[in-house]
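Enquirer: Got a structure for you, entry-v4.cif, holding mmCIF, C-alpha atoms (C1' of nucleotides).
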data_target
#
loop_
_atom_site.label_atom_id
_atom_site.label_comp_id
_atom_site.auth_asym_id
_atom_site.auth_seq_id
_atom_site.Cartn_x
_atom_site.Cartn_y
_atom_site.Cartn_z
CA MET F 1 201.87 119.99 32.50
CA THR F 2 198.41 118.47 32.47
CA ARG F 3 196.00 119.62 35.12
CA PHE F 4 194.94 117.31 37.88
CA ILE F 5 191.27 117.50 36.97
CA ASP F 6 191.99 116.33 33.44
CA ASN F 7 192.98 112.96 34.80
CA TYR F 8 190.52 112.66 37.63
CA LEU F 9 187.71 110.41 36.60
CA LEU F 10 185.37 111.48 39.38
CA TYR F 11 185.62 115.05 38.15
CA LEU F 12 184.72 113.94 34.65
CA MET F 13 181.80 111.95 36.01
CA SER F 14 180.30 114.85 37.92
CA GLN F 15 180.85 117.23 35.01
CA ALA F 16 179.35 114.85 32.50
CA SER F 17 176.38 114.16 34.73
CA ALA F 18 175.73 117.87 35.24
CA SER F 19 176.19 118.73 31.58
CA ALA F 20 173.96 115.93 30.47
CA SER F 21 171.12 117.07 32.69
CA ALA F 22 171.59 120.80 32.20
CA ILE F 23 169.21 121.27 29.31
CA PHE F 24 166.45 119.29 30.90
CA HIS F 25 166.97 121.17 34.14
CA GLU F 26 166.44 124.41 32.23
CA ASP F 27 163.16 123.03 30.94
CA LEU F 28 162.19 122.22 34.51
CA ALA F 29 163.10 125.74 35.61
CA GLN F 30 160.85 127.20 32.94
CA ARG F 31 158.00 125.16 34.32
CA GLY F 32 158.88 126.34 37.81
CA VAL F 33 159.83 122.84 38.93
CA PRO F 34 162.95 122.67 41.12
CA VAL F 35 165.36 119.83 40.39
CA THR F 36 164.79 118.30 43.80
CA THR F 37 161.06 118.19 43.14
CA TRP F 38 161.71 116.47 39.83
CA ARG F 39 163.85 113.86 41.51
CA ILE F 40 161.20 113.11 44.08
CA LEU F 41 158.46 112.80 41.49
CA ALA F 42 160.61 110.58 39.29
CA CYS F 43 161.46 108.29 42.20
CA LEU F 44 157.88 107.81 43.27
CA TYR F 45 156.41 107.39 39.81
CA PRO F 46 154.01 105.88 39.31
CA ASP F 47 153.04 104.20 42.56
CA GLN F 48 156.08 103.70 44.74
CA ALA F 49 155.83 104.45 48.44
CA MET F 50 159.03 105.39 50.20
CA GLY F 51 160.23 106.59 53.57
CA ILE F 52 161.79 110.00 54.03
CA SER F 53 165.36 108.78 54.45
CA GLU F 54 165.13 106.33 51.59
CA LEU F 55 163.86 109.10 49.37
CA ALA F 56 166.65 111.39 50.54
CA ASN F 57 169.23 108.82 49.49
CA HIS F 58 167.70 108.38 46.08
CA CYS F 59 167.46 112.12 45.55
CA LEU F 60 170.97 113.06 46.68
CA ALA F 61 169.68 115.10 49.58
CA LYS F 62 169.91 114.89 53.36
CA GLN F 63 167.05 113.73 55.50
CA PRO F 64 166.07 117.13 56.97
CA THR F 65 166.03 118.57 53.47
CA MET F 66 163.73 115.80 52.35
CA THR F 67 161.36 116.29 55.26
CA ARG F 68 160.98 119.91 54.20
CA GLN F 69 160.68 119.11 50.52
CA ILE F 70 157.88 116.69 51.28
CA ASP F 71 156.14 119.35 53.36
CA ARG F 72 156.20 121.63 50.33
CA LEU F 73 155.01 118.97 47.92
CA ILE F 74 152.14 118.03 50.21
CA GLU F 75 151.15 121.67 50.37
CA GLN F 76 151.21 121.77 46.58
CA GLY F 77 149.14 118.63 46.41
CA PHE F 78 151.65 116.42 44.58
CA VAL F 79 152.35 113.84 47.27
CA ASP F 80 150.77 112.23 50.31
CA ARG F 81 152.38 111.24 53.57
CA LYS F 82 150.93 108.56 55.75
CA ASN F 83 152.26 106.72 58.77
CA GLU F 84 153.15 103.11 58.32
CA ASP F 85 151.00 100.69 60.26
CA GLY F 86 153.61 98.22 61.37
CA ASP F 87 156.16 100.80 62.50
CA ARG F 88 154.67 104.14 63.42
CA ARG F 89 158.03 105.93 63.31
CA ARG F 90 158.13 105.42 59.61
CA VAL F 91 156.35 107.40 57.00
CA LYS F 92 155.33 106.43 53.51
CA VAL F 93 155.37 109.08 50.84
CA SER F 94 153.58 108.51 47.56
CA LEU F 95 152.23 110.50 44.64
CA THR F 96 148.72 111.90 44.51
CA VAL F 97 146.75 111.73 41.27
CA THR F 98 147.91 115.26 40.49
CA GLY F 99 151.47 114.22 41.27
CA ILE F 100 151.29 111.22 38.95
CA LYS F 101 150.02 113.47 36.20
CA LEU F 102 152.84 115.99 36.57
CA ALA F 103 155.45 113.27 36.94
CA GLY F 104 154.16 111.55 33.81
CA THR F 105 154.49 114.72 31.78
CA LEU F 106 157.99 115.42 33.03
CA ILE F 107 159.14 111.85 32.52
CA LYS F 108 158.01 111.96 28.94
CA GLN F 109 160.06 115.08 28.45
CA ALA F 110 163.03 113.57 30.25
CA ARG F 111 162.92 110.51 28.01
CA ASP F 112 162.83 112.68 24.91
CA HIS F 113 165.73 114.69 26.18
CA GLU F 114 167.72 111.58 26.97
CA ALA F 115 167.03 110.03 23.59
CA ASP F 116 168.18 113.22 21.95
CA LEU F 117 171.31 113.40 24.06
CA LEU F 118 172.31 109.79 23.56
CA GLY F 119 171.33 109.63 19.93
CA ASP F 120 174.90 109.44 18.72
CA ILE F 121 175.96 106.78 21.12
CA THR F 122 175.77 103.18 20.07
CA GLU F 123 173.60 100.72 21.94
CA GLU F 124 176.75 98.83 22.79
CA ASP F 125 178.37 101.86 24.36
CA LYS F 126 175.23 102.60 26.35
CA VAL F 127 175.14 99.10 27.76
CA ALA F 128 178.82 99.28 28.61
CA LEU F 129 178.34 102.65 30.30
CA LYS F 130 175.45 101.37 32.39
CA SER F 131 177.40 98.34 33.41
CA VAL F 132 180.49 100.24 34.51
CA LEU F 133 178.45 102.83 36.38
CA ALA F 134 176.52 100.11 38.14
CA LYS F 135 179.80 98.43 39.10
CA ILE F 136 181.16 101.69 40.49
CA MET F 137 177.99 102.26 42.46
CA LEU F 138 178.01 98.82 43.96
CA ARG F 139 181.61 99.14 44.96
CA SER F 140 181.25 102.56 46.52
CA GLU F 141 178.03 101.72 48.31
CA GLY F 142 179.52 98.57 49.69
CA ALA F 143 182.39 100.52 51.20
CA ALA F 144 180.16 103.22 52.68
CA MET T 1 156.50 96.97 36.34
CA THR T 2 159.98 98.47 36.31
CA ARG T 3 160.40 101.91 37.74
CA PHE T 4 161.22 104.81 35.48
CA ILE T 5 164.46 105.61 37.27
CA ASP T 6 165.75 102.11 36.70
CA ASN T 7 165.91 102.83 33.00
CA TYR T 8 166.93 106.45 33.11
CA LEU T 9 170.61 106.71 32.39
CA LEU T 10 170.94 110.27 33.70
CA TYR T 11 169.66 109.11 37.04
CA LEU T 12 172.22 106.34 37.14
CA MET T 13 174.95 108.80 36.22
CA SER T 14 174.13 111.23 38.99
CA GLN T 15 173.78 108.43 41.52
CA ALA T 16 177.02 106.79 40.50
CA SER T 17 178.85 110.08 40.57
CA ALA T 18 177.55 110.90 44.03
CA SER T 19 178.23 107.42 45.39
CA ALA T 20 181.70 107.36 43.99
CA SER T 21 182.63 110.62 45.63
CA ALA T 22 180.80 110.05 48.90
CA ILE T 23 183.64 108.50 50.85
CA PHE T 24 186.14 111.12 49.80
CA HIS T 25 183.63 113.83 50.62
CA GLU T 26 183.38 112.42 54.12
CA ASP T 27 187.14 112.69 54.43
CA LEU T 28 186.89 116.29 53.34
CA ALA T 29 184.18 116.96 55.90
CA GLN T 30 186.39 115.58 58.64
CA ARG T 31 189.06 118.05 57.64
CA GLY T 32 186.45 120.80 57.62
CA VAL T 33 186.79 121.31 53.87
CA PRO T 34 183.51 121.91 52.05
CA VAL T 35 183.09 120.13 48.73
CA THR T 36 182.89 123.40 46.86
CA THR T 37 186.21 124.47 48.35
CA TRP T 38 187.75 121.19 47.26
CA ARG T 39 186.51 121.69 43.72
CA ILE T 40 187.97 125.17 43.55
CA LEU T 41 191.33 124.07 44.88
CA ALA T 42 191.43 121.11 42.50
CA CYS T 43 190.60 123.30 39.52
CA LEU T 44 193.30 125.85 40.26
CA TYR T 45 196.02 123.39 41.17
CA PRO T 46 198.84 123.97 40.85
CA ASP T 47 199.08 127.29 39.03
CA GLN T 48 196.00 127.90 36.96
CA ALA T 49 194.40 131.34 36.96
CA MET T 50 190.71 131.50 36.19
CA GLY T 51 187.89 134.01 36.12
CA ILE T 52 184.95 133.76 38.49
CA SER T 53 182.45 132.55 35.91
CA GLU T 54 184.83 130.06 34.39
CA LEU T 55 185.51 128.66 37.82
CA ALA T 56 181.80 128.52 38.56
CA ASN T 57 181.24 126.37 35.47
CA HIS T 58 184.02 124.00 36.37
CA CYS T 59 182.78 123.68 39.92
CA LEU T 60 179.08 123.16 39.17
CA ALA T 61 178.07 126.37 40.89
CA LYS T 62 176.53 129.65 39.80
CA GLN T 63 178.51 132.80 39.48
CA PRO T 64 177.18 134.60 42.59
CA THR T 65 177.96 131.52 44.63
CA MET T 66 181.48 131.48 43.28
CA THR T 67 182.05 135.15 44.04
CA ARG T 68 181.21 134.41 47.65
CA GLN T 69 183.24 131.23 47.81
CA ILE T 70 186.25 133.13 46.57
CA ASP T 71 185.68 135.81 49.20
CA ARG T 72 185.84 133.10 51.85
CA LEU T 73 188.91 131.45 50.41
CA ILE T 74 190.74 134.76 50.21
CA GLU T 75 189.88 135.41 53.83
CA GLN T 76 191.26 131.98 54.68
CA GLY T 77 194.39 132.69 52.69
CA PHE T 78 194.04 129.91 50.13
CA VAL T 79 193.54 131.97 46.98
CA ASP T 80 194.34 135.37 45.53
CA ARG T 81 192.17 137.57 43.35
CA LYS T 82 193.66 140.13 41.05
CA ASN T 83 192.19 142.23 38.29
CA GLU T 84 193.25 141.41 34.79
CA ASP T 85 195.27 144.13 33.12
CA GLY T 86 193.78 143.98 29.65
CA ASP T 87 190.15 143.83 30.78
CA ARG T 88 189.49 145.33 34.17
CA ARG T 89 186.07 143.72 34.48
CA ARG T 90 187.69 140.35 34.68
CA VAL T 91 189.30 138.82 37.67
CA LYS T 92 191.94 136.15 37.89
CA VAL T 93 191.79 133.75 40.79
CA SER T 94 194.78 131.60 41.66
CA LEU T 95 196.14 129.61 44.57
CA THR T 96 198.42 131.06 47.22
CA VAL T 97 201.34 129.02 48.51
CA THR T 98 199.15 127.86 51.37
CA GLY T 99 196.44 126.97 48.89
CA ILE T 100 198.80 124.93 46.77
CA LYS T 101 199.91 123.06 49.84
CA LEU T 102 196.39 122.20 50.94
CA ALA T 103 195.33 121.32 47.40
CA GLY T 104 198.33 119.06 47.01
CA THR T 105 197.48 117.14 50.16
CA LEU T 106 193.86 116.73 49.17
CA ILE T 107 194.68 115.70 45.63
CA LYS T 108 196.94 112.99 46.91
CA GLN T 109 194.11 111.70 49.02
CA ALA T 110 191.67 111.96 46.12
CA ARG T 111 193.97 109.94 43.90
CA ASP T 112 194.29 107.25 46.52
CA HIS T 113 190.57 107.13 46.94
CA GLU T 114 190.03 106.90 43.21
CA ALA T 115 192.59 104.16 42.81
CA ASP T 116 190.88 102.23 45.55
CA LEU T 117 187.46 102.75 44.07
CA LEU T 118 188.44 101.78 40.55
CA GLY T 119 190.71 98.97 41.55
CA ASP T 120 188.37 96.30 40.27
CA ILE T 121 187.73 97.94 36.96
CA THR T 122 189.88 97.01 34.02
CA GLU T 123 191.99 99.58 32.26
CA GLU T 124 189.94 98.92 29.17
CA ASP T 125 186.68 99.68 30.93
CA LYS T 126 188.12 102.85 32.38
CA VAL T 127 189.20 104.10 28.99
CA ALA T 128 185.80 103.25 27.57
CA LEU T 129 184.06 105.03 30.41
CA LYS T 130 186.14 108.16 29.94
CA SER T 131 185.51 108.17 26.26
CA VAL T 132 181.74 107.83 26.53
CA LEU T 133 181.53 110.45 29.26
CA ALA T 134 183.61 112.83 27.19
CA LYS T 135 181.34 112.22 24.23
CA ILE T 136 178.25 112.94 26.32
CA MET T 137 179.81 116.11 27.67
CA LEU T 138 180.72 117.39 24.25
CA ARG T 139 177.28 116.70 22.91
CA SER T 140 175.46 118.32 25.81
CA GLU T 141 177.75 121.33 25.95
CA GLY T 142 177.41 121.86 22.25
CA ALA T 143 173.65 122.02 22.57
CA ALA T 144 173.71 124.34 25.57
"C1'" DG O 1 158.62 93.63 81.91
"C1'" DT O 2 162.10 97.55 82.43
"C1'" DC O 3 165.42 100.46 80.74
"C1'" DA O 4 169.23 101.52 77.53
"C1'" DA O 5 170.24 101.58 72.73
"C1'" DT O 6 168.68 102.22 68.26
"C1'" DT O 7 165.92 103.85 64.46
"C1'" DA O 8 163.04 107.24 61.84
"C1'" DC O 9 161.50 111.55 61.32
"C1'" DA O 10 160.93 116.60 62.79
"C1'" DT O 11 162.70 121.08 64.07
"C1'" DG O 12 165.61 125.23 65.61
"C1'" DA O 13 169.42 127.84 64.30
"C1'" DC O 14 172.48 128.91 61.04
"C1'" DT O 15 174.78 128.70 56.45
"C1'" DT O 16 174.78 128.46 51.58
"C1'" DT O 17 172.72 129.11 47.30
"C1'" DG O 18 170.99 131.54 43.51
"C1'" DC O 19 167.61 134.70 41.21
"C1'" DA O 20 167.16 139.28 40.03
"C1'" DT O 21 169.48 143.12 39.54
"C1'" DA O 22 173.17 146.64 40.19
"C1'" DT O 23 177.70 148.21 38.95
"C1'" DA O 24 181.55 148.71 36.14
"C1'" DA O 25 184.29 147.91 31.97
"C1'" DT O 26 184.44 146.92 27.15
"C1'" DT O 27 182.69 146.66 22.45
"C1'" DA O 28 179.88 147.91 18.44
"C1'" DC O 29 177.98 150.95 15.53
"C1'" DA O 30 175.95 154.90 13.76
"C1'" DT N 1 183.07 159.92 19.52
"C1'" DG N 2 178.66 159.29 21.91
"C1'" DT N 3 175.55 155.96 23.13
"C1'" DA N 4 173.40 151.37 23.18
"C1'" DA N 5 174.43 146.63 23.74
"C1'" DT N 6 177.26 143.32 25.82
"C1'" DT N 7 180.24 141.16 29.18
"C1'" DA N 8 182.19 140.18 33.94
"C1'" DT N 9 181.59 140.46 38.56
"C1'" DA N 10 179.16 142.00 42.93
"C1'" DT N 11 175.21 142.27 46.03
"C1'" DG N 12 170.34 142.39 48.31
"C1'" DC N 13 167.32 139.22 49.66
"C1'" DA N 14 164.39 135.25 49.89
"C1'" DA N 15 164.53 130.39 49.51
"C1'" DA N 16 166.80 125.97 50.17
"C1'" DG N 17 170.03 123.13 52.52
"C1'" DT N 18 172.09 121.04 56.55
"C1'" DC N 19 174.15 120.28 61.23
"C1'" DA N 20 172.98 119.33 65.73
"C1'" DT N 21 169.60 117.92 68.35
"C1'" DG N 22 164.82 116.78 69.85
"C1'" DT N 23 160.88 113.59 69.94
"C1'" DA N 24 158.64 109.40 69.38
"C1'" DA N 25 158.51 104.43 68.29
"C1'" DT N 26 160.81 100.09 68.32
"C1'" DT N 27 164.27 96.66 69.62
"C1'" DG N 28 167.23 94.21 72.61
"C1'" DA N 29 169.56 92.70 76.88
"C1'" DC N 30 168.90 91.30 81.14
#
Could you rewrite the structure in this file as C-alpha cells?

Expert:
Amino acid sequence: MTRFIDNYLLYLMSQASASASAIFHEDLAQRGVPVTTWRILACLYPDQAMGISELANHCLAKQPTMTRQIDRLIEQGFVDRKNEDGDRRRVKVSLTVTGIKLAGTLIKQARDHEADLLGDITEEDKVALKSVLAKIMLRSEGAA
Amino acid sequence: MTRFIDNYLLYLMSQASASASAIFHEDLAQRGVPVTTWRILACLYPDQAMGISELANHCLAKQPTMTRQIDRLIEQGFVDRKNEDGDRRRVKVSLTVTGIKLAGTLIKQARDHEADLLGDITEEDKVALKSVLAKIMLRSEGAA
DNA sequence: GTCAATTACATGACTTTGCATATAATTACA
DNA sequence: TGTAATTATATGCAAAGTCATGTAATTGAC
C-alpha cells in the first residue's frame, strides 16, 4: 500500500519548498540572519514601503509576529518605520541604507544558490513550474 | 523596476505552498488540530512506524520539537512510542486506533480540499508539477 | 455631526520552537 | 575488550510565535 503523503501534492510542495531553501537557510544561519529577517529584507528590497500586515502576508507570518520583527530590525538599524500621512493608523516600513546593503548581499547569494539548484532544470520546465504555481496561488487566494 | 521577489522562484514556491494549504489549515484550526499534529498523523497513516528524527524531517520540524510533539500526542492518545528492540536508542512512533481514526477523517478532508484546489489544473500540468518538484527535491537533498 | 462598525497596528499572556547540550546506546578501532 | 567516536533521543532555557484583546484612526449610516 502506498502512503497517503506519497500522493498528496501539497505535502510534496511544502517538502520541495523547504528542501530547496534549506542550504541557503543554513548560509543565513551562519551569518546570524534568521529566515524571517531574510524574508523581510527581500520583500522590501530595494525601496519598497509596506505596511505591517502586508509584510506579514508576504513573509508567511502573523501580524503580531511582524510587529515584533520590525521592532527588532529597527533596533538593529536595518529598517525604518514611519506613519503614513493620509491614514495615521497605517505604518510604512522600508529599508535603511544599511538594510539595503545587507539585503543586496543576501540577494546575490540567494540568486547564486537558486541558479545552482535549478541548473539541471530546463528553461521550459521553469516557466511551466512558475505558471502552475502562480495558477495555484491565484486560485487559493481567491477562495480565501 | 521589478522587485527581487517577483523573480525569485523559491519565494513563489513557499508562497504557493502556504496559500494552497491555508484553507485546509483553517479547517484544522477549527477542529483544534495544530498543523504540526496534522503532519505527524498524515506521515504515520495508516500503519507506518518512524523514529523521532525521521518524523521531524518529514514534518519540517527539528528533532527537539518533534520529541515534544510526540509527548503531547501520546498524552492525547493519538500515538504510541516504543523502543526498538535491535537498537535501544531508537524509538518507533506509530498511530493508535484513535490516531488512525482521526488521521483518516482529516485525510479525507485534505483530499477533498486538494481536489477542489486543483480542479482547474489539467492532469498533464499536475504530472509536470510533481515531476519538477521531485527533481528539485532530489537535487537539494543530494547537496544537503 | 454623532456614534457604531471597521481597519491597522500594538501588547499582555501564554505556547511553541530550537539551539546547545546532556544522556544513553551502539560502533569502530587499537 | 577498553575507550573514543558516533548516533538517537531528551531536556534546560532563551527566543520567537501567536491568540485574544486593547488602542487609535478612519469610515459609514443616519

Enquirer: Could you give me, as a Markdown table, a per-residue list for chain T showing, wherever an atom lies at most 9 Å from an atom of chain F, the closest pair of atoms and their distance in Å to one decimal, using only C-alpha atoms and sorting by chain then residue number from low to high?

Expert:
| residue | atom | partner | partner_atom | distance |
| --- | --- | --- | --- | --- |
| T:Arg3 | CA | F:Tyr45 | CA | 7.1 |
| T:Phe4 | CA | F:Ala42 | CA | 6.9 |
| T:Ile5 | CA | F:Cys43 | CA | 6.4 |
| T:Tyr8 | CA | F:Arg111 | CA | 7.7 |
| T:Leu9 | CA | F:Lys130 | CA | 7.2 |
| T:Leu10 | CA | F:Ser17 | CA | 6.8 |
| T:Tyr11 | CA | F:Ser17 | CA | 8.7 |
| T:Leu12 | CA | F:Leu133 | CA | 7.2 |
| T:Met13 | CA | F:Ser17 | CA | 5.7 |
| T:Ser14 | CA | F:Ser17 | CA | 5.6 |
| T:Gln15 | CA | F:Leu60 | CA | 7.5 |
| T:Ala16 | CA | F:Met137 | CA | 5.0 |
| T:Ser17 | CA | F:Ser14 | CA | 5.6 |
| T:Ala18 | CA | F:Leu60 | CA | 7.4 |
| T:Ser19 | CA | F:Ser140 | CA | 5.8 |
| T:Ala20 | CA | F:Ser140 | CA | 5.4 |
| T:Ser21 | CA | F:Leu10 | CA | 6.9 |
| T:Ala22 | CA | F:Ala144 | CA | 7.8 |
| T:Ile23 | CA | F:Ala144 | CA | 6.6 |
| T:Arg39 | CA | F:Tyr11 | CA | 8.7 |
| T:Ala42 | CA | F:Ile5 | CA | 6.6 |
| T:Cys43 | CA | F:Ile5 | CA | 6.4 |
| T:Leu44 | CA | F:Arg3 | CA | 8.5 |
| T:Tyr45 | CA | F:Phe4 | CA | 7.0 |
| T:Pro46 | CA | F:Arg3 | CA | 7.7 |
| T:Gln48 | CA | F:Arg3 | CA | 8.5 |
| T:His58 | CA | F:Gln15 | CA | 7.6 |
| T:Cys59 | CA | F:Gln15 | CA | 8.3 |
| T:Leu60 | CA | F:Ala18 | CA | 7.4 |
| T:Ile107 | CA | F:Phe4 | CA | 7.9 |
| T:Ala110 | CA | F:Tyr8 | CA | 8.6 |
| T:Arg111 | CA | F:Tyr8 | CA | 7.7 |
| T:Glu114 | CA | F:Leu10 | CA | 7.6 |
| T:Leu117 | CA | F:Ser140 | CA | 6.7 |
| T:Leu118 | CA | F:Ile136 | CA | 7.3 |
| T:Asp120 | CA | F:Arg139 | CA | 8.7 |
| T:Ile121 | CA | F:Val132 | CA | 8.0 |
| T:Asp125 | CA | F:Val132 | CA | 7.2 |
| T:Lys126 | CA | F:Val132 | CA | 8.3 |
| T:Ala128 | CA | F:Leu129 | CA | 8.0 |
| T:Leu129 | CA | F:Leu129 | CA | 6.2 |
| T:Lys130 | CA | F:Leu9 | CA | 7.2 |
| T:Val132 | CA | F:Asp125 | CA | 7.2 |
| T:Leu133 | CA | F:Ala16 | CA | 5.9 |
| T:Ala134 | CA | F:Ala16 | CA | 7.1 |
| T:Lys135 | CA | F:Ile121 | CA | 8.3 |
| T:Ile136 | CA | F:Ala16 | CA | 6.6 |
| T:Met137 | CA | F:Ala16 | CA | 5.0 |
| T:Leu138 | CA | F:Ser19 | CA | 8.7 |
| T:Arg139 | CA | F:Leu117 | CA | 6.9 |
| T:Ser140 | CA | F:Ala20 | CA | 5.4 |
| T:Glu141 | CA | F:Ser19 | CA | 6.4 |
| T:Ala143 | CA | F:Ile23 | CA | 8.1 |
| T:Ala144 | CA | F:Ile23 | CA | 6.6 |

Enquirer: Output C-alpha atoms of each residue in that selection to a file, as a compact mmCIF listing (two decimals), in the frame of the given file.

Expert:
# COMPACT_ATOMS: atom_id res chain seq x y z
CA ARG T 3 160.40 101.91 37.74
CA PHE T 4 161.22 104.81 35.48
CA ILE T 5 164.46 105.61 37.27
CA TYR T 8 166.93 106.45 33.11
CA LEU T 9 170.61 106.71 32.39
CA LEU T 10 170.94 110.27 33.70
CA TYR T 11 169.66 109.11 37.04
CA LEU T 12 172.22 106.34 37.14
CA MET T 13 174.95 108.80 36.22
CA SER T 14 174.13 111.23 38.99
CA GLN T 15 173.78 108.43 41.52
CA ALA T 16 177.02 106.79 40.50
CA SER T 17 178.85 110.08 40.57
CA ALA T 18 177.55 110.90 44.03
CA SER T 19 178.23 107.42 45.39
CA ALA T 20 181.70 107.36 43.99
CA SER T 21 182.63 110.62 45.63
CA ALA T 22 180.80 110.05 48.90
CA ILE T 23 183.64 108.50 50.85
CA ARG T 39 186.51 121.69 43.72
CA ALA T 42 191.43 121.11 42.50
CA CYS T 43 190.60 123.30 39.52
CA LEU T 44 193.30 125.85 40.26
CA TYR T 45 196.02 123.39 41.17
CA PRO T 46 198.84 123.97 40.85
CA GLN T 48 196.00 127.90 36.96
CA HIS T 58 184.02 124.00 36.37
CA CYS T 59 182.78 123.68 39.92
CA LEU T 60 179.08 123.16 39.17
CA ILE T 107 194.68 115.70 45.63
CA ALA T 110 191.67 111.96 46.12
CA ARG T 111 193.97 109.94 43.90
CA GLU T 114 190.03 106.90 43.21
CA LEU T 117 187.46 102.75 44.07
CA LEU T 118 188.44 101.78 40.55
CA ASP T 120 188.37 96.30 40.27
CA ILE T 121 187.73 97.94 36.96
CA ASP T 125 186.68 99.68 30.93
CA LYS T 126 188.12 102.85 32.38
CA ALA T 128 185.80 103.25 27.57
CA LEU T 129 184.06 105.03 30.41
CA LYS T 130 186.14 108.16 29.94
CA VAL T 132 181.74 107.83 26.53
CA LEU T 133 181.53 110.45 29.26
CA ALA T 134 183.61 112.83 27.19
CA LYS T 135 181.34 112.22 24.23
CA ILE T 136 178.25 112.94 26.32
CA MET T 137 179.81 116.11 27.67
CA LEU T 138 180.72 117.39 24.25
CA ARG T 139 177.28 116.70 22.91
CA SER T 140 175.46 118.32 25.81
CA GLU T 141 177.75 121.33 25.95
CA ALA T 143 173.65 122.02 22.57
CA ALA T 144 173.71 124.34 25.57

Enquirer: Translate the PyMOL selection byres ((chain N) within 12 of (chain T)), as applied to the file shown, into an explicit residue set as a PDB file with C-alpha atoms (C1' of nucleotides), in the frame of the given file.

Expert:
ATOM      1  C1'  DT N   7     180.240 141.160  29.180  1.00  0.00           C
ATOM      2  C1'  DA N   8     182.190 140.180  33.940  1.00  0.00           C
ATOM      3  C1'  DT N   9     181.590 140.460  38.560  1.00  0.00           C
ATOM      4  C1'  DA N  10     179.160 142.000  42.930  1.00  0.00           C
ATOM      5  C1'  DT N  11     175.210 142.270  46.030  1.00  0.00           C
ATOM      6  C1'  DG N  12     170.340 142.390  48.310  1.00  0.00           C
ATOM      7  C1'  DC N  19     174.150 120.280  61.230  1.00  0.00           C
TER       8       DC N  19
END

Enquirer: At what distance in Å, to one decimal, does C1' of DT18 in chain N lie from C1' of DT16 in chain O?

Expert: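 Value for the C1' of DT16 in chain O-C1' of DT18 in chain N distance: 9.3 Å.
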
Enquirer: Using only C-alpha atoms (C1' of nucleotides), find the residues of chain O whose closest atom to chain T is at most 7 Å away, then write them as a list in words.

Expert: DT17, DG18, DA24 and DA25 of chain O

Enquirer: Taking the point (160.8, 95.7, 68.0) as given in the file, collect each protein or nucleic acid residue that comes within 12 Å of it, counting only C-alpha atoms (C1' of nucleotides), and present the set as a PyMOL selection string.

Expert: (chain F and resi 86-89) or (chain O and resi 6-7) or (chain N and resi 25-28)

Enquirer: Hey, can you check how far CA of Val79 in chain T sits from CA of Thr98 in chain T?

Expert: 8.2 Å

Enquirer: Got a sec: who's within 12 Å of DT21 in chain N, counting only C-alpha atoms (C1' of nucleotides), leaving out chain neighbours fewer than 6 positions off, as number ranges by chain?

Expert: F: 64; O: 10-13

Enquirer: Residues of the last selection are to be written out with C-alpha atoms (C1' of nucleotides), as a PDB file, in the frame of the given file.

Expert:
ATOM      1  CA  PRO F  64     166.070 117.130  56.970  1.00  0.00           C
TER       2      PRO F  64
ATOM      3  C1'  DA O  10     160.930 116.600  62.790  1.00  0.00           C
ATOM      4  C1'  DT O  11     162.700 121.080  64.070  1.00  0.00           C
ATOM      5  C1'  DG O  12     165.610 125.230  65.610  1.00  0.00           C
ATOM      6  C1'  DA O  13     169.420 127.840  64.300  1.00  0.00           C
TER       7       DA O  13
END

Enquirer: Specify as a list in words each residue included when the PyMOL selection byres ((chain N and resi 2) around 12) is applied to this file.

Expert: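 Taken on the displayed file, the PyMOL selection byres ((chain N and resi 2) around 12) yields the residues DA28, DC29 and DA30 of chain O; DT1, DT3 and DA4 of chain N.
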
Enquirer: Report the distance between CA of Lys82 in chain T and CA of Val33 in chain T in Å, rounded to one decimal place.

Expert: 23.8 Å

Enquirer: For the file shown, report as a count of residues only the outcome of the PyMOL selection byres ((chain F and resi 106) around 12) at residue level.

Expert: 32
